[in-house]
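Here the structure comes first, spelled out in structure tokens, and everything after it is commentary.
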Amino acid sequence: MRRHKAFWCLFCQTHLVGIYRDQVLPRLVDRACSSASVGRWRKKAVTGLAGVVVEPGFGSGANLPYYPAEVTKVYAVDPAVLGQKLAVDRLTNSSIEVDFIGLDGQAIPLPDDSCDAGLLTFSLCTIPDAAMALSELRRVIKPGGFLHFAEHGLAEDPSTQRWQFRIDPVQKRLFDGCHVSRNHPELLRQAGFEMDWHESGYGKGPGPWSYIHVGRALNPGSTGSSLNDS
Ligand SMILES: C[S@@+](CC[C@H](N)C(=O)[O-])C[C@H]1O[C@@H](n2cnc3c(N)ncnc32)[C@H](O)[C@@H]1O
């Protein structure tokens with residue numbers, strides 16, 4: 001009897017976690033990330049984008065209204081299927097063609113050198129293996145193309161950093177893997193991107209969550225790896 005009860009408790013918990021992750025969190029993120037103060041960082045991040053762009057962590061399409069007219073197509077990659085539904089108005093109001101091509105930025109289903117550029121906004125913090133996602137971006141972005149980014153991450157001052165490392169374990173559990181202490185510019189460099197420009201500073205909100213890195217980094221060339229090599 002007790003074992004039966006324990007099974008149902010576990011079942012209910014798993015079910016509730018699933019509802020929170022798949023139904024509640026994408027809506028919360030859509031609201032939180034659609035503010036004008038976040039829009040300021042988006043505007044900076046998308047500046048100069050043109051042609052075919054791959055966007056891992058497309059979410060609810062919050063970048064669509066900011067994309068320059070020179071962008072012709074966006075390849076969207078995101079596991080949150082609800083995001084596509086929440087994006088409907090933005091998709092309808094945009095002249096850009098958006099193709100939903102996959103669910104995982106760690107394995108982008110595109111051939112090598114198939115995109116002119118990439119965009120990451122507030123997503124590299126959440127993708128489980130950031131290095132893998134960046135290696136995939138290096139593979140699909142043409143040599144000489146840029147990865148544009150705006151991410152919240154590791155602050156410069158040690159006291160905020162200490163809080164970020166303390167908060168991270170709880171933050172990851174509450175926000176489906178989102179880290180507050182990732183050093184995005186450093187991760188990009190480690191992946192072989194070359195920083196073209198980068199600025200960082202506090203946005204609106206409590207310090208550990210609001211330190212933003214924005215910029216763009218050059219893909220100097222192919223990594224030599226390919227999903228199609230097998
Ligand atoms: C905080 S939201 C940001 C959404 C959007 N980029 C924005 O700026 O509003 C993080 C997004 O990363 C997505 N994500 C999580 N794991 C991912 C993965 N492995 N590949 C691609 N996207 C992922 C989530 O589903 C979510 O839509």
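Residue numbering restarts at 1 for every chain of the structure tokens, chains are lettered A, B, ... in their displayed order, and ligands are numbered from 1 as they appear.
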
Subject >> Shell of 7 Å around ligand 1 (only C-alpha atoms and all ligand atoms), written as a list of chain:residue names >> reply: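 The residues within 7 Å of ligand 1, counting only C-alpha atoms and all ligand atoms, are A:Pro26, A:Val29, A:Asp30, A:Cys33, A:Pro56, A:Gly57, A:Phe58, A:Gly59, A:Ser60, A:Gly61, A:Ala62, A:Asn63, A:Val77, A:Asp78, A:Pro79, A:Ala80, A:Gly83, A:Leu103, A:Asp104, A:Gly105, A:Gln106, A:Leu120, A:Thr121, A:Phe122, A:Ser123, A:Thr126, A:Ile127, A:Pro128.
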
Write a file of the just-selected residues containing C-alpha atoms, as a PDB file, in the first residue's frame.
ATOM      1  CA  PRO A  26       7.691  29.158 -21.676  1.00  0.00           C
ATOM      2  CA  VAL A  29       9.933  33.476 -20.124  1.00  0.00           C
ATOM      3  CA  ASP A  30       7.892  35.016 -22.949  1.00  0.00           C
ATOM      4  CA  CYS A  33      11.871  38.525 -22.013  1.00  0.00           C
ATOM      5  CA  PRO A  56      19.118  28.094 -31.345  1.00  0.00           C
ATOM      6  CA  GLY A  57      16.728  28.809 -28.452  1.00  0.00           C
ATOM      7  CA  PHE A  58      14.260  30.630 -30.717  1.00  0.00           C
ATOM      8  CA  GLY A  59      11.674  30.375 -27.917  1.00  0.00           C
ATOM      9  CA  SER A  60       8.576  32.450 -28.662  1.00  0.00           C
ATOM     10  CA  GLY A  61      10.289  34.477 -31.392  1.00  0.00           C
ATOM     11  CA  ALA A  62      10.984  37.536 -29.244  1.00  0.00           C
ATOM     12  CA  ASN A  63      13.782  38.582 -31.624  1.00  0.00           C
ATOM     13  CA  VAL A  77      15.878  25.380 -33.127  1.00  0.00           C
ATOM     14  CA  ASP A  78      14.175  24.898 -29.752  1.00  0.00           C
ATOM     15  CA  PRO A  79      12.827  22.004 -27.670  1.00  0.00           C
ATOM     16  CA  ALA A  80       9.909  24.082 -26.268  1.00  0.00           C
ATOM     17  CA  GLY A  83       7.177  28.559 -27.966  1.00  0.00           C
ATOM     18  CA  LEU A 103      14.636  20.685 -31.110  1.00  0.00           C
ATOM     19  CA  ASP A 104      18.255  20.679 -29.989  1.00  0.00           C
ATOM     20  CA  GLY A 105      20.926  23.305 -30.510  1.00  0.00           C
ATOM     21  CA  GLN A 106      23.519  20.685 -29.580  1.00  0.00           C
ATOM     22  CA  LEU A 120      21.812  33.501 -29.448  1.00  0.00           C
ATOM     23  CA  THR A 121      19.786  35.532 -26.962  1.00  0.00           C
ATOM     24  CA  PHE A 122      19.325  34.337 -23.378  1.00  0.00           C
ATOM     25  CA  SER A 123      19.679  30.722 -24.559  1.00  0.00           C
ATOM     26  CA  THR A 126      20.095  27.134 -20.690  1.00  0.00           C
ATOM     27  CA  ILE A 127      21.427  24.760 -23.353  1.00  0.00           C
ATOM     28  CA  PRO A 128      22.918  21.883 -21.304  1.00  0.00           C
TER      29      PRO A 128
END

Subject >> Contact residues around Arg40 in chain A with only C-alpha atoms at 12 Å, ignoring same-chain residues under 2 positions, as a list in words >> reply: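 Surrounding residues, per the criterion: Cys33, Ser34, Ser35, Ala36, Ser37, Val38, Arg42, Lys43, Lys44, Ala45, Val46, Thr47, Asn63, Tyr66, Ala150, Gly203, Lys204, Ile212 and Val214 of chain A.
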
Subject >> Counting only C-alpha atoms, the option among A:Ala131, A:Val53, A:Leu218, A:Cys125 closest to Val71 in chain A >> reply: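 Of A:Ala131, A:Val53, A:Leu218, A:Cys125, the one nearest Val71 in chain A is A:Val53, counting only C-alpha atoms.
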
Original post:
Nearest to Trp197 in chain A: which of A:Leu147, A:Ile96, A:Val17, A:Ala155 is it, counting only C-alpha atoms?
Top reply: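 Looking at the shortest contact to Trp197 in chain A, the residue is A:Leu147.
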
Subject >> Pick from A:Ser181, A:Gln164, A:Asn219, A:Gln171 nearest to Cys115 in chain A, counting only C-alpha atoms >> reply: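 For Cys115 in chain A, the nearest of the given residues is A:Asn219.
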
Subject >> A:Arg166, A:Arg90, A:Lys85, A:His148 ranked by distance to Asp116 in chain A, top pick (using only C-alpha atoms) >> reply: A:His148

**OP:** From range 102-150 of chain A, collect each residue whose DSSP state is strand (DSSP E or B) and return the set as JSON, numbers by chain.
**Re:** {"A": [102, 115, 116, 117, 118, 119, 120, 121, 141, 142, 143, 144, 145, 146, 147, 148, 149, 150]}

**OP:** Mind giving me the straight-line distance from CA of Leu187 in chain A to CA of Ile167 in chain A in Å, one decimal?
**Re:**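 These atoms are spaced 20.1 Å apart.
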
**OP:** Report the distance between CA of Gln190 in chain A and CA of Pro158 in chain A in Å, rounded to one decimal place.
**Re:** 22.0 Å

Original post:
Distance CA of Thr72 in chain A-CA of Arg138 in chain A, one decimal place?
Top reply: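 Value for the CA of Thr72 in chain A-CA of Arg138 in chain A distance: 20.2 Å.
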
Subject >> A:Asp22, A:Lys142, A:Gly221, A:Glu70 ranked by distance to Gly48 in chain A, top pick (using only C-alpha atoms) >> reply: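 Distance minimum relative to Gly48 in chain A lands on A:Glu70.
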
Subject >> Selection: 10 Å around Leu25 in chain A, only C-alpha atoms, excl. self and same-chain fewer than 4 positions, as a ChimeraX atom specification >> reply: /A:19-21,29-31,80,82,174-176

Please produce a file of the residues just selected, as a PDB file, in the first residue's frame, where the atoms kept are N, CA and C atoms.
ATOM      1  N   ILE A  19       4.409  19.693 -16.494  1.00  0.00           N
ATOM      2  CA  ILE A  19       3.475  20.788 -16.807  1.00  0.00           C
ATOM      3  C   ILE A  19       4.175  22.132 -16.616  1.00  0.00           C
ATOM      4  N   TYR A  20       4.918  22.239 -15.507  1.00  0.00           N
ATOM      5  CA  TYR A  20       5.628  23.505 -15.230  1.00  0.00           C
ATOM      6  C   TYR A  20       6.616  23.803 -16.364  1.00  0.00           C
ATOM      7  N   ARG A  21       7.405  22.762 -16.749  1.00  0.00           N
ATOM      8  CA  ARG A  21       8.466  22.970 -17.752  1.00  0.00           C
ATOM      9  C   ARG A  21       7.885  23.257 -19.138  1.00  0.00           C
ATOM     10  N   VAL A  29       8.764  32.956 -19.404  1.00  0.00           N
ATOM     11  CA  VAL A  29       9.933  33.476 -20.124  1.00  0.00           C
ATOM     12  C   VAL A  29       9.492  34.469 -21.195  1.00  0.00           C
ATOM     13  N   ASP A  30       8.392  34.125 -21.890  1.00  0.00           N
ATOM     14  CA  ASP A  30       7.892  35.016 -22.949  1.00  0.00           C
ATOM     15  C   ASP A  30       7.585  36.400 -22.370  1.00  0.00           C
ATOM     16  N   ARG A  31       6.929  36.422 -21.213  1.00  0.00           N
ATOM     17  CA  ARG A  31       6.556  37.708 -20.597  1.00  0.00           C
ATOM     18  C   ARG A  31       7.803  38.456 -20.122  1.00  0.00           C
ATOM     19  N   ALA A  80      11.200  23.680 -26.855  1.00  0.00           N
ATOM     20  CA  ALA A  80       9.909  24.082 -26.268  1.00  0.00           C
ATOM     21  C   ALA A  80       8.885  24.317 -27.375  1.00  0.00           C
ATOM     22  N   LEU A  82       5.757  24.706 -27.221  1.00  0.00           N
ATOM     23  CA  LEU A  82       4.786  25.762 -26.918  1.00  0.00           C
ATOM     24  C   LEU A  82       5.268  27.125 -27.431  1.00  0.00           C
ATOM     25  N   LEU A 174      14.949  25.452 -10.924  1.00  0.00           N
ATOM     26  CA  LEU A 174      13.694  26.196 -11.092  1.00  0.00           C
ATOM     27  C   LEU A 174      13.453  26.617 -12.531  1.00  0.00           C
ATOM     28  N   PHE A 175      14.537  26.878 -13.261  1.00  0.00           N
ATOM     29  CA  PHE A 175      14.386  27.445 -14.609  1.00  0.00           C
ATOM     30  C   PHE A 175      14.961  26.540 -15.688  1.00  0.00           C
ATOM     31  N   ASP A 176      14.655  25.249 -15.558  1.00  0.00           N
ATOM     32  CA  ASP A 176      14.931  24.275 -16.611  1.00  0.00           C
ATOM     33  C   ASP A 176      16.369  24.351 -17.131  1.00  0.00           C
TER      34      ASP A 176
END
